[in-house]
file protein_22.cif (mmCIF, C-alpha atoms)
data_input
loop_
_atom_site.label_atom_id
_atom_site.label_comp_id
_atom_site.auth_asym_id
_atom_site.auth_seq_id
_atom_site.Cartn_x
_atom_site.Cartn_y
_atom_site.Cartn_z
CA MET A 1 70.56 43.08 63.67
CA ASP A 2 72.51 45.37 61.38
CA LYS A 3 74.59 42.44 60.20
CA GLN A 4 71.48 40.46 59.35
CA ASN A 5 70.10 43.40 57.37
CA VAL A 6 73.35 43.71 55.44
CA GLU A 7 73.35 40.01 54.56
CA LYS A 8 69.72 40.26 53.49
CA ASP A 9 70.46 43.24 51.25
CA GLU A 10 73.40 41.40 49.68
CA LYS A 11 71.17 38.40 48.86
CA ILE A 12 68.58 40.68 47.25
CA GLU A 13 71.26 42.47 45.25
CA SER A 14 72.78 39.17 44.16
CA SER A 15 69.44 37.76 43.02
CA THR A 16 68.52 40.83 40.98
CA SER A 17 71.89 41.58 39.44
CA ILE A 18 72.67 40.66 35.80
CA SER A 19 75.83 38.75 35.06
CA SER A 20 78.05 39.74 32.15
CA ASN A 21 76.85 36.69 30.19
CA ASP A 22 73.21 37.57 30.81
CA LEU A 23 73.91 41.15 29.79
CA PHE A 24 75.43 40.15 26.44
CA THR A 25 72.58 37.72 25.81
CA THR A 26 70.12 40.50 26.49
CA ILE A 27 71.96 42.91 24.19
CA TYR A 28 72.07 40.23 21.48
CA ASP A 29 68.32 39.63 21.76
CA ILE A 30 67.62 43.36 21.68
CA SER A 31 69.83 43.72 18.63
CA ARG A 32 67.97 40.90 16.89
CA ALA A 33 64.67 42.59 17.69
CA ILE A 34 65.95 45.85 16.21
CA PHE A 35 67.29 44.13 13.08
CA ARG A 36 63.83 42.70 12.42
CA HIS A 37 62.60 46.24 11.77
CA LEU A 38 65.37 47.26 9.37
CA PRO A 39 65.23 47.09 5.55
CA ILE A 40 67.77 44.78 3.95
CA ARG A 41 70.21 47.54 2.92
CA SER A 42 70.36 48.78 6.52
CA VAL A 43 70.93 45.20 7.70
CA ASP A 44 73.86 44.94 5.29
CA SER A 45 75.34 48.18 6.61
CA CYS A 46 75.00 47.04 10.21
CA SER A 47 76.73 43.74 9.39
CA LEU A 48 79.99 45.66 8.96
CA VAL A 49 80.04 46.94 12.55
CA CYS A 50 81.19 43.82 14.40
CA GLN A 51 81.11 40.00 14.30
CA SER A 52 78.04 39.83 16.52
CA TRP A 53 76.05 42.11 14.24
CA ALA A 54 77.35 40.26 11.16
CA HIS A 55 75.94 37.02 12.67
CA ILE A 56 72.59 38.69 13.39
CA ALA A 57 72.52 40.09 9.85
CA ARG A 58 73.06 36.64 8.31
CA PHE A 59 70.38 35.15 10.53
CA THR A 60 67.96 37.96 9.66
CA LYS A 61 68.45 37.63 5.91
CA THR A 62 68.07 33.84 5.84
CA HIS A 63 64.78 34.03 7.74
CA ARG A 64 63.13 36.72 5.63
CA HIS A 65 60.89 35.70 2.76
CA THR A 66 59.05 38.75 1.46
CA ILE A 67 57.77 38.98 -2.12
CA HIS A 68 58.05 42.58 -3.31
CA THR A 69 56.25 44.36 -6.11
CA LEU A 70 56.73 47.87 -7.46
CA THR A 71 56.01 49.95 -10.53
CA TYR A 72 57.66 52.58 -12.66
CA PRO A 73 56.39 55.27 -12.71
CA SER A 74 55.58 54.83 -9.04
CA ASN A 75 52.31 56.80 -9.03
CA LEU A 76 50.12 55.22 -11.69
CA SER A 77 46.88 56.35 -10.06
CA SER A 78 47.43 59.94 -11.20
CA SER A 79 46.32 60.80 -14.71
CA THR A 80 49.10 63.39 -14.92
CA THR A 81 51.90 60.90 -14.22
CA LYS A 82 54.16 60.47 -17.23
CA CYS A 83 56.94 57.97 -17.72
CA SER A 84 60.37 59.56 -17.75
CA TYR A 85 62.97 57.92 -19.97
CA ASP A 86 65.81 59.60 -18.10
CA VAL A 87 67.79 56.90 -16.31
CA SER A 88 68.49 59.25 -13.39
CA ASP A 89 64.76 59.46 -12.63
CA PHE A 90 64.50 55.67 -12.78
CA ASP A 91 67.56 55.33 -10.53
CA THR A 92 66.06 57.69 -7.96
CA ILE A 93 62.80 55.74 -7.66
CA ILE A 94 64.39 52.28 -7.61
CA SER A 95 67.16 53.28 -5.19
CA SER A 96 64.67 54.87 -2.83
CA TYR A 97 62.49 51.75 -2.83
CA ILE A 98 65.37 49.33 -2.32
CA ASN A 99 66.98 51.39 0.43
CA ASP A 100 63.77 52.00 2.37
CA ASN A 101 61.40 49.12 1.59
CA LEU A 102 63.30 46.02 0.49
CA TRP A 103 63.05 43.38 3.24
CA SER A 104 64.37 40.28 1.49
CA LEU A 105 67.33 39.73 -0.81
CA PRO A 106 65.84 38.96 -4.25
CA SER A 107 66.96 35.93 -6.27
CA LEU A 108 64.83 36.66 -9.35
CA ALA A 109 63.24 39.79 -10.78
CA LEU A 110 60.26 39.22 -13.08
CA VAL A 111 59.76 42.42 -15.06
CA VAL A 112 56.83 43.26 -17.35
CA ALA A 113 57.03 46.35 -19.54
CA THR A 114 54.94 47.98 -22.23
CA ASN A 115 56.37 47.97 -25.74
CA GLY A 116 56.71 51.74 -25.67
CA LEU A 117 59.05 51.71 -22.67
CA ASP A 118 60.94 48.66 -23.93
CA ARG A 119 61.61 50.23 -27.33
CA LYS A 120 62.79 53.58 -25.96
CA GLY A 121 64.68 52.28 -22.95
CA PHE A 122 66.44 54.78 -20.70
CA ILE A 123 68.67 57.66 -21.70
CA SER A 124 71.64 58.82 -19.66
CA SER A 125 73.37 62.05 -20.61
CA SER A 126 77.12 61.81 -20.85
CA SER A 127 79.16 63.90 -18.43
CA SER A 128 82.15 64.07 -20.78
CA PRO A 129 83.19 67.59 -21.86
CA PRO A 130 81.99 68.90 -25.20
CA PRO A 131 84.42 68.73 -28.14
CA THR A 132 86.73 71.64 -28.74
CA LYS A 133 86.37 73.85 -31.75
CA ASN A 134 89.14 72.10 -33.70
CA SER A 135 88.34 68.52 -32.65
CA LYS A 136 87.07 66.16 -35.32
CA ARG A 137 84.15 63.93 -34.43
CA SER A 138 81.73 62.05 -36.59
CA ARG A 139 78.03 62.70 -36.17
CA SER A 140 77.54 59.25 -34.64
CA GLN A 141 80.36 59.87 -32.15
CA THR A 142 78.73 63.14 -31.13
CA ARG A 143 75.37 61.47 -30.54
CA ALA A 144 77.03 58.70 -28.52
CA ARG A 145 78.76 61.30 -26.38
CA GLN A 146 75.57 63.20 -25.74
CA ALA A 147 73.44 60.25 -24.66
CA GLU A 148 73.80 56.58 -23.81
CA LEU A 149 70.88 54.19 -24.13
CA SER A 150 70.16 51.36 -21.68
CA ASN A 151 67.52 48.70 -21.99
CA ILE A 152 65.43 47.83 -18.94
CA PRO A 153 67.61 45.02 -17.50
CA GLN A 154 70.71 47.17 -17.98
CA ALA A 155 69.11 49.99 -16.02
CA LEU A 156 67.81 47.68 -13.29
CA ILE A 157 70.81 45.41 -12.85
CA ARG A 158 72.99 47.89 -10.96
CA HIS A 159 70.37 48.16 -8.21
CA LEU A 160 70.13 44.42 -7.53
CA ASN A 161 72.44 42.01 -5.78
CA LYS A 162 74.82 40.09 -8.04
CA SER A 163 72.97 36.79 -7.67
CA CYS A 164 69.58 38.17 -8.75
CA LYS A 165 68.53 37.01 -12.22
CA ILE A 166 66.34 39.20 -14.43
CA LEU A 167 63.57 37.99 -16.73
CA GLN A 168 61.89 40.83 -18.62
CA VAL A 169 59.04 40.59 -21.11
CA ALA A 170 57.47 43.32 -23.23
CA SER A 171 53.96 43.36 -24.63
CA ASN A 172 51.20 45.73 -25.74
CA GLY A 173 49.73 45.85 -22.24
CA ILE A 174 50.76 44.82 -18.73
CA VAL A 175 49.28 44.24 -15.29
CA VAL A 176 51.21 45.75 -12.40
CA SER A 177 50.94 46.25 -8.64
CA ASN A 178 52.67 48.93 -6.61
CA ASP A 179 54.20 48.48 -3.16
CA GLU A 180 50.78 49.14 -1.58
CA ASN A 181 49.24 46.32 -3.68
CA GLN A 182 47.18 48.64 -5.82
CA SER A 183 46.84 47.00 -9.24
CA TYR A 184 46.50 48.54 -12.70
CA GLU A 185 46.01 47.31 -16.24
CA ILE A 186 48.24 49.48 -18.44
CA GLU A 187 47.27 49.42 -22.11
CA LEU A 188 48.57 52.61 -23.70
CA ASP A 189 51.03 54.39 -21.42
CA SER A 190 54.70 53.52 -20.98
CA ALA A 191 55.21 51.68 -17.71
CA MET A 192 56.75 48.64 -16.08
CA GLY A 193 56.11 46.38 -13.12
CA ILE A 194 58.61 44.36 -11.11
CA LEU A 195 58.04 41.27 -8.96
CA LEU A 196 61.01 40.38 -6.74
CA PHE A 197 61.26 36.79 -5.51
CA PRO A 198 63.47 35.99 -2.50
CA GLN A 199 65.17 32.65 -1.92
CA PHE A 200 62.81 30.24 -0.17
CA PRO A 201 63.54 26.91 1.52
CA SER A 202 63.53 24.37 -1.31
CA ASN A 203 60.67 22.36 0.21
CA VAL A 204 58.49 25.50 0.30
CA LEU A 205 59.18 27.07 -3.09
CA GLY A 206 61.88 26.31 -5.62
CA ILE A 207 62.25 28.90 -8.39
CA TYR A 208 64.03 27.89 -11.60
CA SER A 209 64.21 30.39 -14.45
CA PHE A 210 64.99 29.07 -17.92
CA GLU A 211 65.53 30.03 -21.53
CA ILE A 212 65.07 27.84 -24.61
CA PRO A 213 67.04 28.75 -27.77
CA CYS A 214 64.95 29.06 -30.93
CA ASN A 215 66.67 26.13 -32.67
CA THR A 216 65.95 23.68 -29.84
CA LYS A 217 64.44 20.36 -30.87
CA ILE A 218 62.11 18.49 -28.52
CA PRO A 219 62.56 14.81 -29.46
CA ALA A 220 59.61 12.48 -29.07
CA ASP A 221 61.63 10.25 -26.77
CA MET A 222 62.90 13.06 -24.52
CA SER A 223 63.29 11.72 -20.99
CA ARG A 224 61.88 13.36 -17.90
CA SER A 225 65.39 14.20 -16.69
CA ASP A 226 66.19 15.89 -20.03
CA LEU A 227 62.95 17.87 -19.77
CA HIS A 228 63.86 18.96 -16.25
CA HIS A 229 67.30 20.01 -17.47
CA LEU A 230 65.76 22.02 -20.31
CA LEU A 231 63.40 23.79 -17.91
CA GLY A 232 65.96 25.42 -15.64
CA CYS A 233 67.95 22.34 -14.56
CA VAL A 234 65.32 21.19 -12.08
CA PRO A 235 66.60 18.10 -10.18
CA ASN A 236 64.93 14.99 -11.56
CA ASP A 237 63.76 13.84 -8.13
CA ILE A 238 61.82 17.10 -7.56
CA PRO A 239 58.34 17.24 -9.14
CA ILE A 240 57.46 20.29 -11.22
CA ARG A 241 54.36 22.00 -9.81
CA CYS A 242 53.92 25.01 -12.10
CA VAL A 243 55.49 26.43 -15.27
CA ILE A 244 55.14 30.04 -16.40
CA PHE A 245 55.89 30.30 -20.13
CA PHE A 246 56.59 33.37 -22.27
CA PHE A 247 56.86 32.94 -26.06
CA THR A 248 57.61 35.47 -28.77
CA GLN A 249 56.75 33.18 -31.69
CA ARG A 250 54.39 30.28 -32.25
CA GLN A 251 57.19 27.85 -32.93
CA SER A 252 56.83 24.10 -32.96
CA HIS A 253 59.29 23.61 -30.11
CA SER A 254 57.13 25.69 -27.76
CA VAL A 255 54.10 23.48 -28.39
CA ASP A 256 56.25 20.34 -28.22
CA CYS A 257 57.66 21.45 -24.87
CA VAL A 258 54.16 21.86 -23.42
CA LYS A 259 53.15 18.47 -24.86
CA LYS A 260 56.15 16.79 -23.27
CA LEU A 261 55.39 18.47 -19.95
CA LEU A 262 51.84 17.12 -20.03
CA GLU A 263 53.16 13.68 -20.92
CA TYR A 264 55.09 13.44 -17.66
CA TYR A 265 52.62 15.51 -15.59
CA PRO A 266 49.18 14.81 -17.11
CA SER A 267 47.27 16.18 -14.10
CA ASP A 268 49.85 17.41 -11.61
CA VAL A 269 51.17 20.62 -13.14
CA ALA A 270 49.70 24.10 -13.58
CA ILE A 271 50.68 25.82 -16.83
CA ILE A 272 50.26 29.53 -17.46
CA GLY A 273 51.79 31.83 -20.03
CA GLY A 274 51.35 33.96 -23.08
CA PHE A 275 52.79 35.23 -26.33
CA VAL A 276 54.68 38.50 -25.91
CA ASP A 277 56.63 40.79 -28.23
CA LYS A 278 60.07 40.62 -26.66
CA ILE A 279 61.92 38.68 -23.98
CA ARG A 280 65.18 39.66 -22.29
CA TYR A 281 66.91 37.35 -19.85
CA ASN A 282 70.06 37.82 -17.78
CA ASP A 283 71.17 34.90 -15.62
CA ARG A 284 74.01 37.04 -14.11
CA GLN A 285 76.51 34.28 -14.90
CA SER A 286 77.67 34.63 -18.49
CA GLN A 287 78.23 38.00 -20.12
CA SER A 288 78.76 36.38 -23.53
CA LYS A 289 75.29 34.84 -23.70
CA GLN A 290 72.64 36.56 -25.80
CA SER A 291 70.01 38.47 -23.88
CA LEU A 292 67.10 38.07 -26.33
CA TYR A 293 65.20 34.78 -26.47
CA ASN A 294 62.11 33.31 -28.12
CA THR A 295 61.08 31.20 -25.12
CA CYS A 296 61.72 31.87 -21.44
CA GLY A 297 59.93 31.09 -18.24
CA ILE A 298 59.90 30.09 -14.60
CA VAL A 299 59.43 26.65 -13.04
CA LEU A 300 58.00 26.43 -9.52
CA THR A 301 58.49 23.43 -7.25
CA GLY A 302 57.48 22.74 -3.67
CA GLU A 303 55.91 20.18 -1.38
CA PRO A 304 52.08 20.07 -1.43
CA ASN A 305 51.82 20.90 2.27
CA HIS A 306 53.78 24.12 1.64
CA LEU A 307 52.90 25.12 -1.92
CA SER A 308 49.30 25.45 -3.14
CA ILE A 309 48.42 26.45 -6.69
CA LYS A 310 45.03 27.21 -8.10
CA GLN A 311 44.23 28.46 -11.56
CA ILE A 312 41.14 29.60 -13.41
CA VAL A 313 40.37 30.64 -16.98
CA LEU A 314 38.02 33.51 -17.82
CA GLU A 315 36.76 32.44 -21.21
CA SER A 316 35.31 34.77 -23.82
CA HIS A 317 31.74 34.48 -22.53
CA ILE A 318 32.80 35.88 -19.14
CA ASP A 319 32.45 39.51 -20.09
CA THR A 320 30.93 41.39 -17.15
CA ARG A 321 32.29 42.47 -13.80
CA GLU A 322 29.83 40.20 -12.01
CA THR A 323 30.76 37.07 -13.96
CA VAL A 324 34.47 37.86 -13.49
CA LYS A 325 33.96 38.14 -9.75
CA ASN A 326 32.04 34.87 -9.55
CA LYS A 327 34.74 32.98 -11.44
CA LEU A 328 37.56 34.50 -9.37
CA LYS A 329 35.86 33.33 -6.18
CA GLN A 330 36.94 29.81 -7.13
CA LEU A 331 40.49 30.84 -6.23
CA LYS A 332 39.52 31.84 -2.73
CA SER A 333 39.59 28.35 -1.22
CA ILE A 334 43.40 28.06 -1.05
CA GLU A 335 44.24 31.58 0.05
CA ASN A 336 44.85 32.06 3.76
CA ASN A 337 45.55 35.33 5.53
CA GLN A 338 48.54 33.69 7.21
CA ASP A 339 50.06 32.57 3.90
CA LEU A 340 52.44 34.30 1.55
CA SER A 341 51.05 34.52 -1.95
CA PHE A 342 51.47 36.04 -5.37
CA ALA A 343 49.48 35.85 -8.59
CA ILE A 344 50.01 35.90 -12.35
CA GLN A 345 47.47 37.32 -14.80
CA VAL A 346 47.71 36.62 -18.54
CA SER A 347 45.02 38.33 -20.60
CA CYS A 348 44.22 38.52 -24.27
CA VAL A 349 45.12 41.91 -25.68
CA ALA A 350 41.45 42.24 -26.69
CA ARG A 351 40.21 41.99 -23.06
CA GLY A 352 41.13 45.52 -22.06
CA SER A 353 38.89 48.47 -21.37
CA GLU A 354 37.13 48.20 -24.76
CA PHE A 355 36.04 44.67 -23.91
CA TYR A 356 34.34 46.05 -20.77
CA HIS A 357 32.72 49.07 -22.47
CA GLU A 358 35.54 51.52 -21.63
CA GLU A 359 35.71 50.51 -17.95
CA LYS A 360 39.33 50.18 -16.86
CA ASN A 361 41.00 47.66 -14.55
CA VAL A 362 37.95 45.38 -14.36
CA GLU A 363 39.69 42.04 -13.98
CA CYS A 364 42.61 43.12 -11.80
CA SER A 365 40.37 45.21 -9.54
CA GLU A 366 38.02 42.26 -8.95
CA PHE A 367 41.03 40.13 -8.09
CA ARG A 368 42.26 42.85 -5.76
CA ASN A 369 38.89 43.00 -3.97
CA LEU A 370 39.16 39.29 -3.18
CA PHE A 371 42.91 39.25 -2.45
CA PRO A 372 43.88 42.68 -1.08
CA ASN A 373 47.36 41.64 0.05
CA THR A 374 48.49 39.46 -2.84
CA PRO A 375 51.04 40.90 -5.33
CA LEU A 376 49.73 40.63 -8.89
CA ILE A 377 51.69 40.93 -12.13
CA GLY A 378 50.89 40.02 -15.71
CA ILE A 379 50.67 40.78 -19.39
CA PHE A 380 48.22 41.34 -22.23
CA GLY A 381 49.36 38.94 -24.95
CA ASN A 382 48.50 37.62 -28.37
CA GLY A 383 47.44 34.20 -27.12
CA GLU A 384 47.16 32.70 -23.65
CA LEU A 385 48.21 29.46 -22.00
CA GLY A 386 46.34 28.10 -19.02
CA HIS A 387 43.71 25.74 -17.69
CA ASP A 388 41.49 25.35 -14.67
CA TYR A 389 43.59 23.68 -11.98
CA SER A 390 42.92 22.92 -8.33
CA LEU A 391 44.79 19.71 -7.37
CA ASN A 392 46.99 20.61 -4.42
CA ASP A 393 47.18 17.88 -1.79
CA ASN A 394 48.39 14.33 -1.44
CA GLN A 395 44.89 13.15 -0.53
CA THR A 396 43.62 13.51 -4.08
CA SER A 397 42.78 10.04 -5.34
CA THR A 398 44.34 8.50 -8.43
CA GLN A 399 40.92 8.37 -10.09
CA GLU A 400 40.40 12.10 -9.47
CA ARG A 401 43.76 12.83 -11.07
CA ILE A 402 42.91 10.66 -14.09
CA ASN A 403 39.60 12.48 -14.45
CA THR A 404 41.38 15.85 -14.44
CA LYS A 405 44.04 14.90 -17.00
CA THR A 406 44.99 17.96 -19.04
CA GLU A 407 45.23 17.76 -22.83
CA ILE A 408 47.17 20.09 -25.09
CA ASP A 409 43.90 21.48 -26.52
CA ASP A 410 42.94 22.59 -23.00
CA ILE A 411 46.01 24.81 -22.71
CA PHE A 412 45.94 27.29 -25.61
CA HIS A 413 43.25 29.99 -25.62
CA ALA A 414 42.14 33.17 -27.32
CA TYR A 415 40.04 36.07 -25.98
CA SER A 416 40.56 34.77 -22.45
CA THR A 417 42.30 35.62 -19.18
CA VAL A 418 44.16 33.16 -16.98
CA PHE A 419 44.73 33.80 -13.27
CA SER A 420 47.19 31.68 -11.32
CA LEU A 421 47.33 32.05 -7.53
CA ILE A 422 50.38 30.65 -5.77
CA SER A 423 50.09 30.38 -1.99
CA LEU A 424 52.94 29.43 0.38
CA ARG A 425 52.78 28.05 3.88
CA MET A 426 56.06 28.52 5.70
#
call {"tool": "encode", "arguments": {"input": "protein_22.cif", "output": "structure tokens"}}
result
Amino acid sequence: MDKQNVEKDEKIESSTSISSNDLFTTIYDISRAIFRHLPIRSVDSCSLVCQSWAHIARFTKTHRHTIHTLTYPSNLSSSTTKCSYDVSDFDTIISSYINDNLWSLPSLALVVATNGLDRKGFISSSSSPPPTKNSKRSRSQTRARQAELSNIPQALIRHLNKSCKILQVASNGIVVSNDENQSYEIELDSAMGILLFPQFPSNVLGIYSFEIPCNTKIPADMSRSDLHHLLGCVPNDIPIRCVIFFFTQRQSHSVDCVKKLLEYYPSDVAIIGGFVDKIRYNDRQSQSKQSLYNTCGIVLTGEPNHLSIKQIVLESHIDTRETVKNKLKQLKSIENNQDLSFAIQVSCVARGSEFYHEEKNVECSEFRNLFPNTPLIGIFGNGELGHDYSLNDNQTSTQERINTKTEIDDIFHAYSTVFSLISLRM
């Protein structure tokens, strides 16, 4: 009887015991579960521990697709918040956000800044010792020793991974969202907003940033492949779904580029953009290239079953909160709570608080009421590009597409606001 009990106990022990292989599999799964709750900088640190954690870190980073948005200053809701031009204050806020809140490795940073912040930039005091009594320095050398100036991309670049490109525009006013998706229209104060795009699977969302030199000629017989190459080297076999343009001057090549785009995509592309005061672009590849451009932008590609785009124009007669809300409701049909999304707002500089009888944040707050979780970024410009657009699926008939053909006169506006909502289904 005792022998039978012993054998029975051994069977129970054998059936409930965990083999070494099972144990390591369990530890691996637990580690993966823990990694899912770590910000990207912590994931990078953990990847240095061992090969197993390095594998988990690579897997974690390739499966994260979070679109981040933040502002500087970080607390724009307070009337007492002032923008500091000290680079150390900027470094503190950006470093804290990236270390604690960044979940995906960014591939592109879209930065909007007010002209005031762009002109002043950031100041860093030099730590070099003061000159001795007998040393000879020119006045300019003394000023250079005392302070060093950095423009916005220069201040931001050291916080981002080496592959992350930076496209920064400056204008009289901007639209920004903080990390809690609270949105603000900044018209007078110095501020900036940042939208960080991760790398997505190419069939979901392709992101191609581009710059067009001011002396570029758009020939009448430009081929589609040449147009794709001009707009960020988009592969010719991949259809362009959306183009976000920023211009500093009303040059002929900017209009010709839009015309050529509509020639090849008469009803299948959403166009949004505006005229700004300054553009800075850093592709992180060539240090010798100029950083200031007259035309820059972003091309978006993606399959219709993964990428949905809808766009509306608030024309000059839409001038009350109620009419803004009613027009914005037209965007609601493509947004899904399970989707990733982001939005671009381009407003005429005249559609600020004065346009709405001194009421602030009218348009962005109505958008926020309808889309509480969607990052929003934008500008107030001196001319807007956009058109009503809602074609998103392969089921749209050829006749419907012909009927919705976009003409160049439909694109350029004044005293208007254009909202573009981009929704992704993973």
call {"tool": "resolve_selection", "arguments": {"input": "protein_22.cif", "expression": "the PyMOL selection byres ((chain A and resi 376) around 6)", "output": "CSV table (one decimal) with C-alpha atoms, keeping the file's coordinate frame"}}
result
chain,number,residue,atom,x,y,z
A,177,SER,CA,50.9,46.2,-8.6
A,343,ALA,CA,49.5,35.8,-8.6
A,344,ILE,CA,50.0,35.9,-12.4
A,375,PRO,CA,51.0,40.9,-5.3
A,377,ILE,CA,51.7,40.9,-12.1
call {"tool": "axis_aligned_box", "arguments": {"input": "protein_22.cif", "around": "region 81-89 of chain A", "padding_each_side": "5 Å", "output": "lines of an AutoDock Vina configuration file"}}
result
center_x = 60.2
center_y = 58.9
center_z = -16.3
size_x = 26.6
size_y = 14.0
size_z = 17.3
call {"tool": "closest_atom_pairs", "arguments": {"input": "protein_22.cif", "of": "region 134-216 of chain A", "to": "region 25-44 of chain A", "cutoff": "12 Å", "atoms": "all atoms listed in the file", "output": "Markdown table"}}
result
| residue | atom | partner | partner_atom | distance |
| --- | --- | --- | --- | --- |
| A:His159 | CA | A:Arg41 | CA | 11.1 |
| A:Leu160 | CA | A:Arg41 | CA | 10.9 |
| A:Asn161 | CA | A:Arg41 | CA | 10.5 |
| A:Pro198 | CA | A:Ile40 | CA | 11.7 |
call {"tool": "write_last_selection", "arguments": {"input": "protein_22.cif", "atoms": "C-alpha atoms", "output": "CSV table (one decimal), keeping the file's coordinate frame"}}
result
chain,number,residue,atom,x,y,z
A,159,HIS,CA,70.4,48.2,-8.2
A,160,LEU,CA,70.1,44.4,-7.5
A,161,ASN,CA,72.4,42.0,-5.8
A,198,PRO,CA,63.5,36.0,-2.5
call {"tool": "atom_distance", "arguments": {"input": "protein_22.cif", "atom1": "CA of Val87 (chain A)", "atom2": "CA of Gly381 (chain A)"}}
result
27.1 Å
call {"tool": "resolve_selection", "arguments": {"input": "protein_22.cif", "expression": "the PyMOL selection byres ((chain A and resi 149) around 7)", "output": "list in words"}}
result
Gly121, Phe122, Ile123, Ser124, Ala147, Glu148, Ser150 and Asn151 of chain A
call {"tool": "resolve_selection", "arguments": {"input": "protein_22.cif", "expression": "the PyMOL selection byres ((chain A and resi 188-195) around 6)", "output": "mmCIF file with C-alpha atoms, in the frame of the given file"}}
result
data_model
loop_
_atom_site.group_PDB
_atom_site.id
_atom_site.type_symbol
_atom_site.label_atom_id
_atom_site.label_comp_id
_atom_site.auth_asym_id
_atom_site.auth_seq_id
_atom_site.Cartn_x
_atom_site.Cartn_y
_atom_site.Cartn_z
ATOM 1 C CA HIS A 68 58.050 42.580 -3.310
ATOM 2 C CA THR A 69 56.250 44.360 -6.110
ATOM 3 C CA LEU A 70 56.730 47.870 -7.460
ATOM 4 C CA THR A 71 56.010 49.950 -10.530
ATOM 5 C CA TYR A 72 57.660 52.580 -12.660
ATOM 6 C CA CYS A 83 56.940 57.970 -17.720
ATOM 7 C CA ALA A 109 63.240 39.790 -10.780
ATOM 8 C CA LEU A 110 60.260 39.220 -13.080
ATOM 9 C CA VAL A 111 59.760 42.420 -15.060
ATOM 10 C CA VAL A 112 56.830 43.260 -17.350
ATOM 11 C CA ALA A 113 57.030 46.350 -19.540
ATOM 12 C CA THR A 114 54.940 47.980 -22.230
ATOM 13 C CA GLY A 116 56.710 51.740 -25.670
ATOM 14 C CA LEU A 117 59.050 51.710 -22.670
ATOM 15 C CA VAL A 176 51.210 45.750 -12.400
ATOM 16 C CA GLU A 187 47.270 49.420 -22.110
ATOM 17 C CA LEU A 196 61.010 40.380 -6.740
#
call {"tool": "atom_distance", "arguments": {"input": "protein_22.cif", "atom1": "CA of Asp118 (chain A)", "atom2": "CA of Lys162 (chain A)"}}
result
22.8 Å
call {"tool": "closest_atom_pairs", "arguments": {"input": "protein_22.cif", "of": "region 179-276 of chain A", "to": "region 164-170 of chain A", "cutoff": "8 Å", "atoms": "all atoms listed in the file", "output": "JSON lines"}}
result
{"residue": "A:Ser209", "atom": "CA", "partner": "A:Leu167", "partner_atom": "CA", "distance": 8.0}
{"residue": "A:Phe246", "atom": "CA", "partner": "A:Val169", "partner_atom": "CA", "distance": 7.7}
{"residue": "A:Val276", "atom": "CA", "partner": "A:Ala170", "partner_atom": "CA", "distance": 6.2}
call {"tool": "write_last_selection", "arguments": {"input": "protein_22.cif", "atoms": "C-alpha atoms", "output": "PDB file, keeping the file's coordinate frame"}}
result
ATOM      1  CA  SER A 209      64.210  30.390 -14.450  1.00  0.00           C
ATOM      2  CA  PHE A 246      56.590  33.370 -22.270  1.00  0.00           C
ATOM      3  CA  VAL A 276      54.680  38.500 -25.910  1.00  0.00           C
TER       4      VAL A 276
END
call {"tool": "atom_distance", "arguments": {"input": "protein_22.cif", "atom1": "CA of Lys120 (chain A)", "atom2": "CA of Gln251 (chain A)"}}
result
27.2 Å
call {"tool": "closest_residue", "arguments": {"input": "protein_22.cif", "among": "A:Asn181, A:Ser267, A:Asn294, A:Ser420", "to": "Lys332 (chain A)", "atoms": "only C-alpha atoms"}}
result
A:Ser420
call {"tool": "residues_around", "arguments": {"input": "protein_22.cif", "residues": "Thr248 (chain A)", "least_positions_apart": "2", "cutoff": "12 Å", "atoms": "only C-alpha atoms", "output": "JSON, numbers by chain"}}
result
{"A": [169, 170, 171, 212, 213, 214, 245, 246, 250, 251, 254, 273, 274, 275, 276, 277, 278, 279, 280, 292, 293, 294, 295, 296, 297, 381, 382, 383, 384]}
call {"tool": "closest_residue", "arguments": {"input": "protein_22.cif", "among": "A:Asn373, A:Thr406, A:Ser416, A:Ser390", "to": "Leu314 (chain A)", "atoms": "all atoms listed in the file"}}
result
A:Ser416
call {"tool": "closest_residue", "arguments": {"input": "protein_22.cif", "among": "A:Ser225, A:Asn282, A:Ser96, A:Ser347", "to": "Glu315 (chain A)", "atoms": "all atoms listed in the file"}}
result
A:Ser347
call {"tool": "residues_near_point", "arguments": {"input": "protein_22.cif", "point": "(41.7, 26.0, -14.5)", "cutoff": "12 Å", "atoms": "all atoms listed in the file", "output": "JSON, numbers by chain"}}
result
{"A": [267, 269, 270, 271, 272, 309, 310, 311, 312, 313, 314, 315, 327, 328, 330, 331, 385, 386, 387, 388, 389, 390, 391, 404, 405, 406, 410, 411, 412, 413, 416, 417, 418, 419, 420, 421]}
